[in-house]
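The next block holds one structure in the form of structure tokens; read it before the comments.
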Amino acid sequence: MNLGQLPFHTALPPELATALRSALALHFASPACLWALLLLPLVYLWRGRRGRRAAVGFSSVSTAREVARDVKSRWGRLLPLARTLALAAGILALARPQVAHAHADARASGVDLLLALDVSGSMGSLDFKRDDAPVSRLDVVKSVVQDFVGDRPNDRLGMIAFAGRPYLVSPLTLDHDWLVQNLDRVRIGAVEDGTAIGSALGAAVNRLRGQASKSKVVILLTDGVNNSGSVRPELAAEAAKALGVRVYTIGVGVRGEAPMPVTAEDGTTRLVMTKVDIDEDTLRNIADTTGGKYFRATDTGSLRQIYAAIDKMEKTTHTVHHYETHEERFAWFLTPAACLLALELGFGLTRFRRVP
């Protein structure tokens with residue numbers, strides 16, 4: 001039974017809700033002891049048939065009747081009930097009630113993956129759509145990458161953004177929430193404009209160098225031609241191959257021309273149709289050299305399909321250990337049993353003492 005499914009759950013105080021959850025989760029490590037509970041009704045039947053031994057003799061039953069009507073006498077009849085309840089609670093304690101806590105230990109899959117994202121000025125082109133409304137390439141990429149990160153909870157992921165030069169967005173980490181927060185801060189214009197594909201790939205490979213992971217992957221996304229940086233893309237690809245890094249490359253943008261917002265000196269913005277120029281040969285060569293694959297995304301749907309395809313190609317199995325810890329709860333029953341016995345003995349020898 002799950003307390004969270006009860007309709008009154010939200011109206012309960014937190015302390016009471018926690019106590020009810022624990023009570024509903026109880027199980028007994030020695031359930032065979034619970035059979036002893038069936039003996040308690042038999043004890044009552046046996047005592048009722050046998051009757052009590054006379055304590056005091058009276059010449060007339062009227063005197064005894066008056067004594068029986070006394071309030072103190074009526075309360076004294078509850079002492080055997082206290083003893084019975086104490087025995088029942090003691091039996092429950094002997095059955096070792098426990099609360100089980102389930103745990104799962106998920107370990108990293110062994111894949112280290114670096115995302116390299118182009119944030120040059122052309123990534124602001126409005127040739128992609130979301131909900132039938134024009135949206136920039138970068139906004140769509142950030143949305144798709146966020147979903148991609150969410151689908152790989154057991155991989156160490158890192159991120160590099162680049163324009164005229166690369167810069168680190170997030171080192172390799174399993175803290176994907178933190179990575180996504182940094183992805184939200186990625187914007188166009190953070191560094192000088194340009195497209196440093198070679199330098200970005202070199203920086204990504206350098207981040208993966210020396211890692212003991214069984215699989216090292218770079219997903220490099222760009223919408224332009226290498227025109228900045230000090231590292232040639234071909235040289236960076238050879239370095240990636242030598243270090244065992246597989247590179248998937250993605251070219252982003254429609255074919256032909258794309259509308260790009262341009263801000264004039266007076267602050268007004270207008271759309272200018274610009275030619276989409278992606279060096280597909282270089283991107284394809286990088287992928288072929290490192291054992292990866294080149295993709296071309298011309299709309300939002302194809303970009304999602306590309307990341308989904310890469311996700312399947314780089315899936316690895318990982319071990320998840322499930323285990324339980326058991327917390328003893330016999331004190332919940334043993335303590336009331338001891339209190340009831342103490343009350344029964346205390347009152348039986350004092351206020352409700354029998355004569356003789």
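Residues are referred to by chain and number: the chain letter is A, B, ... according to the order shown in the structure tokens, the number counts from 1 in that chain, and ligands are numbered separately from 1 in the order shown.
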Checklist entry - So which residues touch Gly158 of chain A within 12 Å, counting only C-alpha atoms, skipping near sequence neighbours fewer than 4 positions away, as a PyMOL selection string? => result chain A and resi 111-117+145+149+167-180+182-183+203-205+207-208+216-219
Item to check | Coordinates-based distance that separates atom CA of Thr84 of chain A from atom CA of Ala36 of chain A (Å, one decimal) | outcome: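 Going from atom CA of Ala36 of chain A over to atom CA of Thr84 of chain A covers 12.2 Å.
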Item to check | Phe28 of chain A surroundings by only C-alpha atoms, 7 Å radius, close-in-sequence under 4 positions cut, as a list in words | outcome: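 With the cut-off at 7 Å, the set is Ala95, Arg96, Pro97 and Gln98 of chain A.
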I need the residues from that last selection saved to file as a PDB file, in the first residue's frame (with N, CA and C atoms), if you can.
```pdb
ATOM      1  N   ALA A  95       8.548 -11.294  16.782  1.00  0.00           N
ATOM      2  CA  ALA A  95       8.485 -11.533  15.339  1.00  0.00           C
ATOM      3  C   ALA A  95       9.407 -10.614  14.552  1.00  0.00           C
ATOM      4  N   ARG A  96      10.103  -9.710  15.237  1.00  0.00           N
ATOM      5  CA  ARG A  96      11.095  -8.801  14.634  1.00  0.00           C
ATOM      6  C   ARG A  96      10.508  -7.956  13.497  1.00  0.00           C
ATOM      7  N   PRO A  97       9.651  -7.018  13.834  1.00  0.00           N
ATOM      8  CA  PRO A  97       9.162  -6.098  12.793  1.00  0.00           C
ATOM      9  C   PRO A  97      10.310  -5.250  12.264  1.00  0.00           C
ATOM     10  N   GLN A  98      10.314  -5.039  10.958  1.00  0.00           N
ATOM     11  CA  GLN A  98      11.379  -4.288  10.295  1.00  0.00           C
ATOM     12  C   GLN A  98      10.788  -3.370   9.225  1.00  0.00           C
TER      13      GLN A  98
END
```
Next on the checklist: What's around Gly189 of chain A at 9 Å? Count only C-alpha atoms, leave out sequence neighbours fewer than 4 positions away in its own chain, and write the answer as a list in words.
Outcome noted: Val119, Ser120, Gly121, Ala163 and Asp193 of chain A
Checklist entry - So how far away is atom CA of Ser199 of chain A from atom CA of Ser230 of chain A, in Å? => result 6.4 Å
Checklist outcome for this item: With distances taken over only C-alpha atoms, the candidate from A:Leu138, A:Leu94, A:Pro153, A:Arg284 nearest Trp332 of chain A is A:Leu94
Residues at most 9 Å from Val247 of chain A, counting only C-alpha atoms, excluding those fewer than 4 positions away in the same chain, as a compact mmCIF listing (two decimals) with N, CA and C atoms, in the first residue's frame?
```
# COMPACT_ATOMS: atom_id res chain seq x y z
N LEU A 201 37.91 21.38 -31.83
CA LEU A 201 38.12 19.94 -31.76
C LEU A 201 39.37 19.62 -30.95
N LYS A 216 35.54 7.27 -25.70
CA LYS A 216 35.67 8.73 -25.69
C LYS A 216 35.08 9.27 -26.98
N VAL A 217 34.14 10.21 -26.81
CA VAL A 217 33.36 10.67 -27.96
C VAL A 217 33.29 12.20 -27.95
N VAL A 218 33.37 12.79 -29.15
CA VAL A 218 33.12 14.22 -29.34
C VAL A 218 32.00 14.38 -30.36
N ILE A 219 31.02 15.21 -30.02
CA ILE A 219 29.98 15.58 -30.99
C ILE A 219 30.18 17.05 -31.31
N LEU A 220 30.65 17.34 -32.51
CA LEU A 220 30.98 18.71 -32.92
C LEU A 220 29.90 19.23 -33.86
N ALA A 237 41.90 16.21 -36.11
CA ALA A 237 41.30 14.90 -36.35
C ALA A 237 42.33 13.79 -36.18
N ALA A 240 42.86 13.26 -32.54
CA ALA A 240 41.74 12.52 -31.96
C ALA A 240 41.86 11.03 -32.26
N LYS A 241 42.23 10.70 -33.48
CA LYS A 241 42.40 9.30 -33.85
C LYS A 241 43.50 8.64 -33.02
N ILE A 286 36.76 14.68 -40.93
CA ILE A 286 37.01 14.53 -39.48
C ILE A 286 36.33 13.27 -38.96
N ALA A 287 35.07 13.08 -39.35
CA ALA A 287 34.32 11.92 -38.89
C ALA A 287 34.93 10.62 -39.41
N ASP A 288 35.30 10.59 -40.70
CA ASP A 288 35.87 9.37 -41.28
C ASP A 288 37.21 9.03 -40.65
N THR A 289 38.02 10.03 -40.38
CA THR A 289 39.35 9.80 -39.80
C THR A 289 39.27 9.17 -38.42
N THR A 290 38.27 9.58 -37.64
CA THR A 290 38.19 9.14 -36.23
C THR A 290 37.22 7.97 -36.02
N GLY A 291 36.59 7.49 -37.09
CA GLY A 291 35.65 6.38 -36.96
C GLY A 291 34.25 6.81 -36.58
N GLY A 292 33.95 8.09 -36.76
CA GLY A 292 32.63 8.62 -36.45
C GLY A 292 31.76 8.70 -37.69
N LYS A 293 30.88 9.68 -37.72
CA LYS A 293 29.96 9.83 -38.84
C LYS A 293 29.55 11.29 -38.97
N TYR A 294 29.32 11.72 -40.20
CA TYR A 294 28.88 13.10 -40.45
C TYR A 294 27.38 13.13 -40.71
```
Checklist entry - Just asking: which residues within segment 91-140 of chain A are alpha helix (DSSP H) according to DSSP, as a list in words? => result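 Of segment 91-140 of chain A, only Ile91, Leu92, Ala93, Leu94, Arg137, Leu138, Asp139 and Val140 of chain A fall in alpha helix (DSSP H).
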Checklist entry - Any idea what the distance is between atom CA of Val254 of chain A and atom CA of Asp127 of chain A? => result 6.6 Å
Next on the checklist: Residues near Asp299 of chain A, anyone? I mean within 12 Å using only C-alpha atoms, not counting same-chain ones fewer than 5 positions away, as an NGL selection string.
Outcome noted: :A and (126-130 or 132 or 134-137 or 140-141 or 144 or 251-255 or 258 or 304-306)
Next on the checklist: Using DSSP secondary structure from the backbone, list all strand (DSSP E) positions within segment 219-262 of chain A, as a PyMOL selection string.
Outcome noted: chain A and resi 219-222+245-252+257-262
Checklist outcome for this item: Using only C-alpha atoms, the residue out of A:His326, A:Met273, A:Asp223, A:Arg246 with shortest distance to Ala297 of chain A is A:Asp223
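Take the candidates A:Glu234, A:Met159, A:Phe295, A:Gly110 and check each one against Gln211 of chain A using only C-alpha atoms; the shortest distance goes to A:Gly110.
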